[in-house]
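Undergrad: Before we start, here is the structure in question, set down as structure tokens.
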Amino acid sequence: MKKGTYFCALLILLAGCQTSGQPEEDRERTQLQQEIEALEKQLIEAVDVRKDREAALQLLEKSATYATNYPADSLSPIYLFKAADVARGAGEYGKAIKLWGDMWRTYEDHPRAPEALFLQGFTYDNHLRDAYQAGRYYRNFLEKYPDHPFAEQARQLLSVLDKSPEELVREFEQRGQE
């Protein structure tokens with residue numbers, strides 16, 4: 001009888017020690033993915049990320065954590081790109097620029113890497129009104145991706161940096177008279 005009790009206790013102990021067949025790291029990764037996806041859904045339902053700033057900030061943190069912890073995962077660059085877009089929408093322009101920078105520097109071959117670099121310049125240009133930094137990023141973009149669909153737009157934006165609205169109107173009028 002004692003042997004049977006010990007055997008049952010041992011079986012219970014072993015069953016309690018078993019995992020669901022998924023290593024701890026995989027479970028943590030899956031849980032983080034689910035949390036990110038839930039936050040994305042929450043922000044989509046809010047329509048404007050400024051309406052749910054707390055969820056936006058959590059998404060930024062979790063996305064950066066995911067990319068740091070799982071840099072080889074194919075979702076990492078996607079999460080960084082989306083998080084940067086959320087940061088820009090929340091008015092966190094410095095964070096957006098950093099996340100896009102992390103994305104294109106770490107995942108140079110990802111299809112959205114050129115767009116991330118372009119958006120850094122665009123954010124400096126349109127949101128931070130920093131023509132110097134915008135110019136640096138636009139020139140870097142053109143150097144790396146001269147044939148990208150955004151290249152012509154980058155050239156146009158570079159050509160109007162540091163020009164006042166009055167100067168732009170005069171140029172436009174001069175072109176119309178030619």
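Numbering starts fresh at 1 for the residues of each chain in the structure tokens, the chains themselves are lettered A, B, ... in the order given, and ligands are numbered from 1 as they appear.
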Which residues are close to stretch 40-52 of chain A, i.e. within 10 Å by only C-alpha atoms, leaving aside same-chain residues fewer than 2 positions away? Reply as a list in words.

TA: Gln34, Glu35, Ile36, Glu37, Ala38, Glu54, Ala55, Ala56, Leu57, Leu59, Lys82, Ala83, Val86, Ala87, Arg88, Gly89, Ala90 and Gly91 of chain A

Undergrad: Take atom CA of A:Leu99 and atom CA of A:Leu80 and report the distance between them in Å, one decimal.

TA: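 So the two atoms, atom CA of A:Leu99 and atom CA of A:Leu80, lie 5.8 Å apart.
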
Undergrad: Nearest residue to A:Leu157 out of A:Gln33, A:Asn126, A:Thr65, A:Thr106, using only C-alpha atoms?

TA: A:Asn126

Undergrad: Within 12 Å of stretch 23-31 of chain A, counting only C-alpha atoms, which residues show up once you throw out same-chain ones fewer than 3 positions away? Write them as a list in words, please.

TA: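 Residues meeting the cut-off are Gln18, Thr19, Ser20, Gln34, Glu35, Ile36, Glu37, Ala38, Lys62, Ser63, Thr65, Tyr66, Ala67, Thr68, Asn69, Tyr70, Pro71, Asp73, Leu75 and Ser76 of chain A.
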
Undergrad: For A:Glu108, list every protein, DNA or RNA residue within 12 Å, evaluated using only C-alpha atoms, and leave out those in the same chain fewer than 5 positions away; present the list as a CSV table (one decimal) with N, CA and C atoms, in the first residue's frame.

TA:
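Saved to around.csv:
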chain,number,residue,atom,x,y,z
A,77,PRO,N,10.8,43.1,-36.9
A,77,PRO,CA,10.8,44.4,-37.7
A,77,PRO,C,9.4,44.9,-37.9
A,100,TRP,N,11.9,53.7,-35.8
A,100,TRP,CA,12.1,53.5,-37.2
A,100,TRP,C,13.6,53.3,-37.5
A,101,GLY,N,14.5,54.0,-36.8
A,101,GLY,CA,15.9,53.9,-36.9
A,101,GLY,C,16.4,52.5,-36.5
A,102,ASP,N,15.9,52.0,-35.4
A,102,ASP,CA,16.2,50.6,-35.0
A,102,ASP,C,15.8,49.6,-36.0
A,103,MET,N,14.6,49.9,-36.6
A,103,MET,CA,14.0,48.9,-37.6
A,103,MET,C,14.9,48.8,-38.8
A,113,ALA,N,12.2,48.6,-44.7
A,113,ALA,CA,13.3,49.3,-44.2
A,113,ALA,C,13.5,50.7,-44.9
A,114,PRO,N,13.4,50.7,-46.2
A,114,PRO,CA,13.5,52.1,-46.8
A,114,PRO,C,12.4,53.0,-46.4
A,115,GLU,N,11.2,52.5,-46.2
A,115,GLU,CA,10.1,53.4,-45.7
A,115,GLU,C,10.4,53.9,-44.3
A,116,ALA,N,11.0,53.1,-43.5
A,116,ALA,CA,11.3,53.5,-42.1
A,116,ALA,C,12.3,54.6,-42.1
A,117,LEU,N,13.3,54.5,-43.0
A,117,LEU,CA,14.3,55.6,-43.1
A,117,LEU,C,13.6,56.9,-43.6
A,144,LYS,N,20.9,55.5,-50.1
A,144,LYS,CA,20.7,54.0,-50.0
A,144,LYS,C,19.7,53.5,-51.0
A,145,TYR,N,18.7,54.3,-51.3
A,145,TYR,CA,17.6,53.7,-52.1
A,145,TYR,C,17.2,54.7,-53.2

Undergrad: Give me, as number ranges by chain, all polymer residues having an atom no more than 12 Å from A:Phe141, counting only C-alpha atoms and skipping those fewer than 5 positions away in the same chain.

TA: A: 101, 104, 113-122, 134-136, 146-155, 157-158

Undergrad: May I have the residues from that selection written out with N, CA and C atoms, as a PDB file, in the first residue's frame?

TA:
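Generated file (again-v9.pdb):
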ATOM      1  N   GLY A 101      14.456  54.012 -36.768  1.00  0.00           N
ATOM      2  CA  GLY A 101      15.902  53.851 -36.928  1.00  0.00           C
ATOM      3  C   GLY A 101      16.363  52.458 -36.537  1.00  0.00           C
ATOM      4  N   TRP A 104      15.200  49.986 -39.470  1.00  0.00           N
ATOM      5  CA  TRP A 104      15.928  49.905 -40.741  1.00  0.00           C
ATOM      6  C   TRP A 104      17.407  49.580 -40.549  1.00  0.00           C
ATOM      7  N   ALA A 113      12.170  48.579 -44.655  1.00  0.00           N
ATOM      8  CA  ALA A 113      13.321  49.334 -44.150  1.00  0.00           C
ATOM      9  C   ALA A 113      13.468  50.678 -44.859  1.00  0.00           C
ATOM     10  N   PRO A 114      13.356  50.746 -46.196  1.00  0.00           N
ATOM     11  CA  PRO A 114      13.462  52.061 -46.837  1.00  0.00           C
ATOM     12  C   PRO A 114      12.394  53.042 -46.353  1.00  0.00           C
ATOM     13  N   GLU A 115      11.192  52.547 -46.196  1.00  0.00           N
ATOM     14  CA  GLU A 115      10.093  53.396 -45.726  1.00  0.00           C
ATOM     15  C   GLU A 115      10.375  53.919 -44.317  1.00  0.00           C
ATOM     16  N   ALA A 116      10.952  53.082 -43.482  1.00  0.00           N
ATOM     17  CA  ALA A 116      11.282  53.502 -42.115  1.00  0.00           C
ATOM     18  C   ALA A 116      12.287  54.649 -42.137  1.00  0.00           C
ATOM     19  N   LEU A 117      13.292  54.545 -42.982  1.00  0.00           N
ATOM     20  CA  LEU A 117      14.287  55.609 -43.102  1.00  0.00           C
ATOM     21  C   LEU A 117      13.639  56.886 -43.636  1.00  0.00           C
ATOM     22  N   PHE A 118      12.818  56.765 -44.653  1.00  0.00           N
ATOM     23  CA  PHE A 118      12.127  57.921 -45.208  1.00  0.00           C
ATOM     24  C   PHE A 118      11.257  58.591 -44.132  1.00  0.00           C
ATOM     25  N   LEU A 119      10.547  57.790 -43.363  1.00  0.00           N
ATOM     26  CA  LEU A 119       9.645  58.342 -42.346  1.00  0.00           C
ATOM     27  C   LEU A 119      10.391  59.064 -41.219  1.00  0.00           C
ATOM     28  N   GLN A 120      11.628  58.697 -40.987  1.00  0.00           N
ATOM     29  CA  GLN A 120      12.422  59.456 -40.018  1.00  0.00           C
ATOM     30  C   GLN A 120      12.586  60.892 -40.517  1.00  0.00           C
ATOM     31  N   GLY A 121      12.985  61.043 -41.770  1.00  0.00           N
ATOM     32  CA  GLY A 121      13.131  62.379 -42.340  1.00  0.00           C
ATOM     33  C   GLY A 121      11.812  63.112 -42.380  1.00  0.00           C
ATOM     34  N   PHE A 122      10.764  62.430 -42.779  1.00  0.00           N
ATOM     35  CA  PHE A 122       9.439  63.038 -42.876  1.00  0.00           C
ATOM     36  C   PHE A 122       8.950  63.528 -41.516  1.00  0.00           C
ATOM     37  N   ALA A 134      15.901  66.607 -41.076  1.00  0.00           N
ATOM     38  CA  ALA A 134      15.094  66.052 -42.167  1.00  0.00           C
ATOM     39  C   ALA A 134      15.966  65.880 -43.404  1.00  0.00           C
ATOM     40  N   GLY A 135      16.758  66.895 -43.715  1.00  0.00           N
ATOM     41  CA  GLY A 135      17.644  66.835 -44.871  1.00  0.00           C
ATOM     42  C   GLY A 135      18.641  65.696 -44.774  1.00  0.00           C
ATOM     43  N   ARG A 136      19.190  65.509 -43.585  1.00  0.00           N
ATOM     44  CA  ARG A 136      20.145  64.400 -43.382  1.00  0.00           C
ATOM     45  C   ARG A 136      19.486  63.061 -43.718  1.00  0.00           C
ATOM     46  N   PRO A 146      18.117  55.001 -54.133  1.00  0.00           N
ATOM     47  CA  PRO A 146      17.850  56.006 -55.168  1.00  0.00           C
ATOM     48  C   PRO A 146      16.720  55.636 -56.131  1.00  0.00           C
ATOM     49  N   ASP A 147      16.390  54.363 -56.236  1.00  0.00           N
ATOM     50  CA  ASP A 147      15.350  53.936 -57.163  1.00  0.00           C
ATOM     51  C   ASP A 147      14.042  53.551 -56.472  1.00  0.00           C
ATOM     52  N   HIS A 148      13.940  53.796 -55.183  1.00  0.00           N
ATOM     53  CA  HIS A 148      12.731  53.459 -54.432  1.00  0.00           C
ATOM     54  C   HIS A 148      11.576  54.359 -54.883  1.00  0.00           C
ATOM     55  N   PRO A 149      10.342  53.861 -54.806  1.00  0.00           N
ATOM     56  CA  PRO A 149       9.194  54.705 -55.175  1.00  0.00           C
ATOM     57  C   PRO A 149       9.109  56.031 -54.401  1.00  0.00           C
ATOM     58  N   PHE A 150       9.676  56.108 -53.206  1.00  0.00           N
ATOM     59  CA  PHE A 150       9.648  57.358 -52.438  1.00  0.00           C
ATOM     60  C   PHE A 150      10.797  58.303 -52.802  1.00  0.00           C
ATOM     61  N   ALA A 151      11.697  57.867 -53.688  1.00  0.00           N
ATOM     62  CA  ALA A 151      12.884  58.675 -54.002  1.00  0.00           C
ATOM     63  C   ALA A 151      12.506  60.028 -54.594  1.00  0.00           C
ATOM     64  N   GLU A 152      11.558  60.058 -55.515  1.00  0.00           N
ATOM     65  CA  GLU A 152      11.160  61.339 -56.115  1.00  0.00           C
ATOM     66  C   GLU A 152      10.555  62.265 -55.063  1.00  0.00           C
ATOM     67  N   GLN A 153       9.763  61.713 -54.188  1.00  0.00           N
ATOM     68  CA  GLN A 153       9.181  62.524 -53.115  1.00  0.00           C
ATOM     69  C   GLN A 153      10.282  63.069 -52.200  1.00  0.00           C
ATOM     70  N   ALA A 154      11.274  62.246 -51.889  1.00  0.00           N
ATOM     71  CA  ALA A 154      12.389  62.695 -51.048  1.00  0.00           C
ATOM     72  C   ALA A 154      13.139  63.837 -51.738  1.00  0.00           C
ATOM     73  N   ARG A 155      13.350  63.726 -53.054  1.00  0.00           N
ATOM     74  CA  ARG A 155      14.027  64.799 -53.796  1.00  0.00           C
ATOM     75  C   ARG A 155      13.218  66.089 -53.737  1.00  0.00           C
ATOM     76  N   LEU A 157      10.992  66.968 -51.472  1.00  0.00           N
ATOM     77  CA  LEU A 157      10.998  67.501 -50.106  1.00  0.00           C
ATOM     78  C   LEU A 157      12.332  68.166 -49.787  1.00  0.00           C
ATOM     79  N   LEU A 158      13.409  67.576 -50.253  1.00  0.00           N
ATOM     80  CA  LEU A 158      14.734  68.185 -50.057  1.00  0.00           C
ATOM     81  C   LEU A 158      14.808  69.555 -50.732  1.00  0.00           C
TER      82      LEU A 158
END

Undergrad: Based on the backbone DSSP call, show me all residues of stretch 27-118 of chain A assigned helix (DSSP H, G or I), as a ChimeraX atom specification.

TA: /A:27-46,49-69,75-89,93-106,113-118

Undergrad: Could you jot down the atom CA of A:Phe81 to atom CA of A:Gln156 separation for me, Å, one decimal place?

TA: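 Atom CA of A:Gln156 lies at a distance of 24.1 Å from atom CA of A:Phe81.
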